[in-house]
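Contents: one structure, followed by commentary.
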Protein chains: 2
Amino acid sequence: MTADSGRRLVLPLPGNEAFAAQLAAAGGGELGRIETRRFPDGERYLRVHADPAGRAVDLVCTLSRPDEGFLTLVFAADAVRDLGAREVSLVAPYLAYMRQDRRFLPGECVSSLSFARLLSSTFDRLLTVDPHLHRHPALGALYAIPTATLHAAPLLADWIAAHVPSPLVIGPDEESEQWASAIAGRIGAPHAVLRKTRRGDRDVEIALPDLSAWRDRRPVLVDDIASSGRTLAAAAHGLAAQGLAQPACAVVHALFADDAWAQLQPLFSRIASTDAVPHPSNAIALAPLFAQALADGLEDPPAPAAGAA
Amino acid sequence: MTADSGRRLVLPLPGNEAFAAQLAAAGGGELGRIETRRFPDGERYLRVHADPAGRAVDLVCTLSRPDEGFLTLVFAADAVRDLGAREVSLVAPYLAYMRQDRRFLPGECVSSLSFARLLSSTFDRLLTVDPHLHRHPALGALYAIPTATLHAAPLLADWIAAHVPSPLVIGPDEESEQWASAIAGRIGAPHAVLRKTRRGDRDVEIALPDLSAWRDRRPVLVDDIASSGRTLAAAAHGLAAQGLAQPACAVVHALFADDAWAQLQPLFSRIASTDAVPHPSNAIALAPLFAQALADGLEDPPAPAAGAA
């Protein structure tokens with residue numbers, strides 16, 4: 001046991017240094033360093049520059065590019081465990097592979113379950129924010145380890161209140177009704193939702209309700225993920241067609257695949273995101289939320305039995 | 001059970017189609033197909049186009065670029081198992097992460113063990129050829145599943161006999177003495193070994209014994225892996241300095257990192273490799289060796305207890 005053994009040890013995987021530094025600062029943890037490089041044949045070398053013995057360790061790794069960094073993440077977790085860590089938590093502000101959560105066509109892999117199986121065998125605990133849950137009600141239906149699901153909605157609401165005068169909060173689809181309503185309710189704003197029909201990875205059709213009564217308001221689209229950006233672009237065009245003001249946008253996970261960012265920027269007065277995924281649009285810091293959850297030992301309630309409503 | 005349930009099902013991961021086709025042909029198996037693509041956010045989609053129900057399935061995936069394809073490999077294995085496969089074997093002609101098999105400096109990960117843990121939790125069996133075993137005597141010291149370690153030495157020997165007149169077989173270091181001796185013995189040729197001192201990933205010093213008595217012979221360097229190519233280059237220069245003929249080279253695993261291939265080609269009369277790693281130097285087909293091992297149900301003997309000599 002070192003003199004620091006009472007403090008959490010925060011270790012960033014490559015690319016997560018800024019988030020980890022904020023997390024350590026917000027939670028009073030010690031910030032350590034992981035050295036990585038590649039051998040000439042492309043294999044990864046990894047070394048932990050900190051002493052995890054007897055301590056709770058938080059590995060910080062957002063999973064927006066899950067394939068290339070996955071083994072590195074596992075090597076780090078196994079190393080700190082092997083070096084005596086008492087508990088190894090994964091702080092993954094963005095959690096990958098939530099999309100393919102069942103077999104839609106014969107022969108498809110269910111990557112949500114495979115990914116959860118590997119992480120569950122590697123970590124003692126998983127913390128993330130607003131995972132893209134569709135058919136499963138909670139992470140516990142996929143993950144065999146304790147999980148903590150954090151929610152960025154209040155932070156999005158506060159950002160809107162501070163930056164968008166007289167807002168109209170708009171959710172991207174009927175599923176988002178409750179979420180958009182909560183954000184709007186927190187700041188005393190009205191809300192509406194769009195109807196979305198998805199025909200493929202990049203093919204989305206949007207139907208807008210009649211919003212012409214809200215022409216004196218500034219529309220703010222809210223979404224959990226901005227990926228291809230098709231939904232947001234279609235919504236912006238629809239709002240313009242109804243004569244509403246140019247919208248703002250607040251999203252949790254700023255993936256912005258391919259040219260989505262370039263396509264979207266001209267359509268919005270401003271696009272803000274949390275720093276769950278590093279991106280130029282980041283305006284909302286999540287580290288304090290994670291630090292609080294770690295301090296409180298936050299855990300999701302047990303998953304309902306399979307088949308329960 | 002389908003009409004084909006008695007035949008093995010051979011499925012290539014992307015980039016392993018040629019090897020898998022040869023394996024299916026050599027072993028009388030059925031060749032299936034795995035479809036993969038990327039979602040806009042970079043996540044992998046995977047679908048098996050074959051019916052694995054009730055069958056022994058051989059997933060073919062050489063691991064020369066282990067990081068970027070690792071999750072895809074796990075998704076494929078989990079999918080065929082979930083689709084009812086009776087047994088899922090990994091046919092990995094090149095096995096990655098054999099280098100870092102213990103902690104040399106404080107804090108280092110032992111990637112050999114982490115990688116073996118993940119594969120052992122995913123497959124029922126692993127087949128590979130000439131893994132780069134150093135400090136561990138056998139794969140059983142790392143892997144928790146049955147393994148089959150195949151040996152390419154006889155195929156290298158036969159290639160030398162067919163293509164190099166009057167050969168002198170040369171092993172790259174003292175560790176390779178027995179291996180070089182076996183290759184030479186099979187084809188009635190003399191052999192020698194170099195002395196290698198490794199100072200870093202790319203920094204290698206080679207000492208040659210006096211080989212001037214063999215000036216009437218054609219030197220053939222044999223090695224299990226050609227990675228940075230430094231050993232082979234230093235050896236070729238040393239042989240030239242002693243006035244020997246331009247050497248040939250026969251290796252099992254043609255990694256040829258960075259510019260190694262371009263650097264080495266002028267130094268050798270010919271460089272031949274097995275097709276464990278796809279490369280222009282491939283001249284020795286391994287599929288028949290794997291097909292025979294699968295037909296025979298080949299398994300390595302149990303690993304000696306930890307600490308045994």
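If you're wondering about the labels, chains in the structure tokens are A, B, ... by order shown, residues count from 1 in each chain, ligands from 1 in order shown.
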Q: Return as a ChimeraX atom specification the residues belonging to chain A that are within 8 Å of chain B, counting only C-alpha atoms.
A: /A:39-43,45-51,64-71,74-76,78-80,83,96-97,106-111,114-115,118,201-202,227-228,255-258
Q: For Pro302 in chain A, please output as JSON, numbers by chain all residues within 12 Å (counting only C-alpha atoms; exclusion window: fewer than 6 positions along the same chain).
A: {"A": [137, 138, 139, 140, 141, 142, 143, 144, 145, 146, 147, 148]}
Q: Any chance you could list, as a PyMOL selection string, the residues in range 58-249 of chain B that come up strand (DSSP E or B) when DSSP is run on the backbone?
A: chain B and resi 58-60+87-91+108+125-129+147-150+167-171+191-193+195-198+204-207+218-226+248-249
Write out the residues from the selection above, keeping C-alpha atoms, as a PDB file, in the first residue's frame.
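Saved the output as selection08.pdb:
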ATOM      1  CA  ASP B  58     -12.890 -23.395 -38.834  1.00  0.00           C
ATOM      2  CA  LEU B  59     -12.484 -19.624 -38.780  1.00  0.00           C
ATOM      3  CA  VAL B  60      -9.436 -18.686 -40.828  1.00  0.00           C
ATOM      4  CA  GLU B  87     -17.099 -26.517 -32.190  1.00  0.00           C
ATOM      5  CA  VAL B  88     -15.344 -23.310 -33.258  1.00  0.00           C
ATOM      6  CA  SER B  89     -11.646 -23.547 -34.158  1.00  0.00           C
ATOM      7  CA  LEU B  90      -9.346 -20.654 -34.954  1.00  0.00           C
ATOM      8  CA  VAL B  91      -6.977 -21.376 -37.822  1.00  0.00           C
ATOM      9  CA  GLU B 108       4.574  -3.369 -18.581  1.00  0.00           C
ATOM     10  CA  ARG B 125      -9.339 -24.659 -30.250  1.00  0.00           C
ATOM     11  CA  LEU B 126      -6.381 -22.855 -31.816  1.00  0.00           C
ATOM     12  CA  LEU B 127      -4.201 -24.096 -34.664  1.00  0.00           C
ATOM     13  CA  THR B 128      -1.096 -22.224 -35.736  1.00  0.00           C
ATOM     14  CA  VAL B 129       2.307 -22.831 -37.278  1.00  0.00           C
ATOM     15  CA  THR B 147      -3.821 -25.908 -29.230  1.00  0.00           C
ATOM     16  CA  ALA B 148      -2.170 -27.528 -32.212  1.00  0.00           C
ATOM     17  CA  THR B 149       1.313 -26.256 -33.053  1.00  0.00           C
ATOM     18  CA  LEU B 150       2.245 -27.133 -36.621  1.00  0.00           C
ATOM     19  CA  PRO B 167      22.836 -25.404 -49.883  1.00  0.00           C
ATOM     20  CA  LEU B 168      24.399 -24.378 -46.562  1.00  0.00           C
ATOM     21  CA  VAL B 169      21.524 -23.873 -44.089  1.00  0.00           C
ATOM     22  CA  ILE B 170      22.085 -20.965 -41.674  1.00  0.00           C
ATOM     23  CA  GLY B 171      20.035 -20.274 -38.559  1.00  0.00           C
ATOM     24  CA  HIS B 191      24.289 -26.046 -41.351  1.00  0.00           C
ATOM     25  CA  ALA B 192      25.613 -23.227 -39.172  1.00  0.00           C
ATOM     26  CA  VAL B 193      24.114 -20.628 -36.832  1.00  0.00           C
ATOM     27  CA  ARG B 195      25.101 -15.227 -32.838  1.00  0.00           C
ATOM     28  CA  LYS B 196      22.536 -12.439 -32.376  1.00  0.00           C
ATOM     29  CA  THR B 197      22.547  -9.622 -29.823  1.00  0.00           C
ATOM     30  CA  ARG B 198      19.303  -7.606 -29.785  1.00  0.00           C
ATOM     31  CA  VAL B 204      20.367  -6.041 -33.865  1.00  0.00           C
ATOM     32  CA  GLU B 205      24.012  -7.088 -33.946  1.00  0.00           C
ATOM     33  CA  ILE B 206      25.065 -10.265 -35.700  1.00  0.00           C
ATOM     34  CA  ALA B 207      28.286 -12.251 -35.319  1.00  0.00           C
ATOM     35  CA  ARG B 218      24.927 -21.521 -51.523  1.00  0.00           C
ATOM     36  CA  PRO B 219      23.975 -20.084 -48.107  1.00  0.00           C
ATOM     37  CA  VAL B 220      20.280 -20.213 -47.213  1.00  0.00           C
ATOM     38  CA  LEU B 221      19.138 -18.243 -44.216  1.00  0.00           C
ATOM     39  CA  VAL B 222      16.158 -19.796 -42.442  1.00  0.00           C
ATOM     40  CA  ASP B 223      14.054 -17.977 -39.848  1.00  0.00           C
ATOM     41  CA  ASP B 224      10.659 -18.236 -38.212  1.00  0.00           C
ATOM     42  CA  ILE B 225       9.832 -14.535 -38.639  1.00  0.00           C
ATOM     43  CA  ALA B 226      11.118 -11.810 -40.926  1.00  0.00           C
ATOM     44  CA  ALA B 248      18.831 -17.313 -50.474  1.00  0.00           C
ATOM     45  CA  CYS B 249      16.306 -17.051 -47.657  1.00  0.00           C
TER      46      CYS B 249
END
Q: For CA of Arg199 in chain A and CA of Thr231 in chain A, quote the distance in Å rounded to one decimal.
A: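 Those two atoms sit 11.8 Å apart.
Atom pair CA of Leu211 in chain A / CA of Gly243 in chain A: separated by 9.1 Å.
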Q: Any chance you could list, as a PyMOL selection string, the residues in range 53-171 of chain B that come up alpha helix (DSSP H) when DSSP is run on the backbone?
A: chain B and resi 66-82+111-120+153-163
Q: Write out as a PyMOL selection string which residues come within 12 Å of Gln242 in chain B when counting only C-alpha atoms, dropping same-chain ones fewer than 2 positions away.
A: chain B and resi 207-215+219+235-240+244-246
Next, dump the selected residues to file, keeping only all heavy atoms, as a CSV table (one decimal), in the first residue's frame.
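Okay, result_35.csv is ready:
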chain,number,residue,atom,x,y,z
B,207,ALA,N,26.9,-11.8,-35.2
B,207,ALA,CA,28.3,-12.3,-35.3
B,207,ALA,C,28.3,-13.6,-36.1
B,207,ALA,O,27.5,-14.5,-35.8
B,207,ALA,CB,28.9,-12.5,-33.9
B,208,LEU,N,29.1,-13.6,-37.1
B,208,LEU,CA,29.2,-14.9,-38.0
B,208,LEU,C,30.4,-15.7,-37.5
B,208,LEU,O,31.5,-15.2,-37.3
B,208,LEU,CB,29.3,-14.5,-39.4
B,208,LEU,CG,28.1,-14.2,-40.2
B,208,LEU,CD1,27.6,-12.8,-39.9
B,208,LEU,CD2,28.4,-14.3,-41.7
B,209,PRO,N,30.2,-17.0,-37.5
B,209,PRO,CA,31.4,-17.9,-37.3
B,209,PRO,C,32.1,-17.8,-38.7
B,209,PRO,O,31.7,-17.3,-39.6
B,209,PRO,CB,30.7,-19.3,-37.1
B,209,PRO,CG,29.4,-19.2,-37.7
B,209,PRO,CD,28.9,-17.8,-37.6
B,210,ASP,N,33.3,-18.4,-38.7
B,210,ASP,CA,34.1,-18.5,-39.9
B,210,ASP,C,33.5,-19.5,-40.8
B,210,ASP,O,33.5,-20.7,-40.5
B,210,ASP,CB,35.6,-18.8,-39.6
B,210,ASP,CG,36.4,-18.9,-40.9
B,210,ASP,OD1,35.9,-18.6,-42.0
B,210,ASP,OD2,37.6,-19.3,-40.8
B,211,LEU,N,32.9,-19.0,-41.9
B,211,LEU,CA,32.2,-19.9,-42.9
B,211,LEU,C,33.0,-20.1,-44.2
B,211,LEU,O,32.5,-20.6,-45.1
B,211,LEU,CB,30.8,-19.4,-43.1
B,211,LEU,CG,29.9,-19.3,-41.9
B,211,LEU,CD1,28.6,-18.6,-42.3
B,211,LEU,CD2,29.6,-20.7,-41.4
B,212,SER,N,34.2,-19.7,-44.2
B,212,SER,CA,35.0,-19.6,-45.4
B,212,SER,C,35.2,-21.0,-46.0
B,212,SER,O,35.4,-21.2,-47.2
B,212,SER,CB,36.3,-18.9,-45.2
B,212,SER,OG,37.0,-19.5,-44.2
B,213,ALA,N,35.1,-22.0,-45.2
B,213,ALA,CA,35.2,-23.4,-45.7
B,213,ALA,C,34.1,-23.8,-46.6
B,213,ALA,O,34.1,-24.8,-47.4
B,213,ALA,CB,35.3,-24.4,-44.6
B,214,TRP,N,33.0,-23.0,-46.6
B,214,TRP,CA,31.7,-23.3,-47.3
B,214,TRP,C,31.5,-22.5,-48.6
B,214,TRP,O,30.4,-22.3,-49.0
B,214,TRP,CB,30.5,-23.2,-46.4
B,214,TRP,CG,30.5,-24.1,-45.2
B,214,TRP,CD1,30.7,-23.6,-43.9
B,214,TRP,CD2,30.4,-25.5,-45.1
B,214,TRP,NE1,30.6,-24.7,-43.0
B,214,TRP,CE2,30.5,-25.9,-43.8
B,214,TRP,CE3,30.3,-26.5,-46.1
B,214,TRP,CZ2,30.5,-27.2,-43.4
B,214,TRP,CZ3,30.3,-27.8,-45.7
B,214,TRP,CH2,30.3,-28.2,-44.4
B,215,ARG,N,32.7,-22.0,-49.1
B,215,ARG,CA,32.5,-21.0,-50.2
B,215,ARG,C,32.0,-21.7,-51.5
B,215,ARG,O,31.5,-21.0,-52.4
B,215,ARG,CB,33.9,-20.4,-50.6
B,215,ARG,CG,34.1,-19.2,-49.6
B,215,ARG,CD,35.4,-18.4,-50.0
B,215,ARG,NE,35.7,-17.4,-48.9
B,215,ARG,CZ,36.9,-17.0,-48.6
B,215,ARG,NH1,37.9,-17.5,-49.2
B,215,ARG,NH2,37.0,-16.2,-47.6
B,219,PRO,N,24.6,-20.3,-49.4
B,219,PRO,CA,24.0,-20.1,-48.1
B,219,PRO,C,22.5,-19.8,-48.2
B,219,PRO,O,22.0,-19.1,-49.1
B,219,PRO,CB,24.7,-18.8,-47.5
B,219,PRO,CG,25.6,-18.4,-48.6
B,219,PRO,CD,25.5,-19.1,-49.8
B,235,ALA,N,23.1,-10.4,-41.6
B,235,ALA,CA,23.6,-11.7,-42.0
B,235,ALA,C,24.1,-11.7,-43.5
B,235,ALA,O,25.2,-12.2,-43.8
B,235,ALA,CB,22.6,-12.8,-41.8
B,236,ALA,N,23.3,-11.2,-44.3
B,236,ALA,CA,23.7,-11.2,-45.8
B,236,ALA,C,25.0,-10.4,-46.0
B,236,ALA,O,25.9,-10.8,-46.7
B,236,ALA,CB,22.6,-10.5,-46.6
B,237,HIS,N,25.1,-9.2,-45.3
B,237,HIS,CA,26.4,-8.4,-45.4
B,237,HIS,C,27.5,-9.2,-44.8
B,237,HIS,O,28.6,-9.2,-45.4
B,237,HIS,CB,26.2,-7.1,-44.6
B,237,HIS,CG,25.3,-6.2,-45.3
B,237,HIS,ND1,25.5,-5.7,-46.6
B,237,HIS,CD2,24.1,-5.6,-44.9
B,237,HIS,CE1,24.5,-4.9,-47.0
B,237,HIS,NE2,23.7,-4.8,-46.0
B,238,GLY,N,27.3,-9.9,-43.7
B,238,GLY,CA,28.4,-10.7,-43.1
B,238,GLY,C,28.9,-11.8,-44.1
B,238,GLY,O,30.1,-12.1,-44.2
B,239,LEU,N,27.9,-12.5,-44.7
B,239,LEU,CA,28.3,-13.6,-45.6
B,239,LEU,C,29.1,-13.0,-46.8
B,239,LEU,O,30.1,-13.6,-47.3
B,239,LEU,CB,27.0,-14.3,-46.1
B,239,LEU,CG,26.3,-15.1,-45.0
B,239,LEU,CD1,24.9,-15.5,-45.5
B,239,LEU,CD2,27.1,-16.3,-44.6
B,240,ALA,N,28.6,-11.9,-47.3
B,240,ALA,CA,29.4,-11.3,-48.5
B,240,ALA,C,30.8,-10.9,-48.1
B,240,ALA,O,31.8,-11.1,-48.8
B,240,ALA,CB,28.6,-10.0,-48.9
B,244,LEU,N,31.3,-15.4,-49.4
B,244,LEU,CA,30.3,-16.5,-49.8
B,244,LEU,C,29.4,-16.0,-50.9
B,244,LEU,O,29.3,-14.8,-51.2
B,244,LEU,CB,29.5,-17.0,-48.6
B,244,LEU,CG,30.2,-18.1,-47.8
B,244,LEU,CD1,31.3,-17.5,-46.9
B,244,LEU,CD2,29.2,-18.9,-47.0
B,245,ALA,N,28.8,-17.0,-51.6
B,245,ALA,CA,27.8,-16.6,-52.7
B,245,ALA,C,26.7,-15.9,-52.1
B,245,ALA,O,26.4,-15.9,-50.9
B,245,ALA,CB,27.3,-17.9,-53.3
B,246,GLN,N,25.9,-15.1,-53.0
B,246,GLN,CA,24.7,-14.4,-52.5
B,246,GLN,C,23.7,-15.4,-51.9
B,246,GLN,O,23.4,-16.4,-52.6
B,246,GLN,CB,24.1,-13.6,-53.6
B,246,GLN,CG,23.0,-12.6,-53.1
B,246,GLN,CD,22.4,-11.9,-54.3
B,246,GLN,OE1,22.1,-12.4,-55.3
B,246,GLN,NE2,22.1,-10.6,-54.0
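Between CA of Asp296 in chain A and CA of Leu155 in chain A the separation is 18.7 Å.
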**Q.** Distance query Gly28 in chain B at most 10 Å, only C-alpha atoms, self and fewer than 6 positions along chain excluded, as a count of residues only
**A.** 7
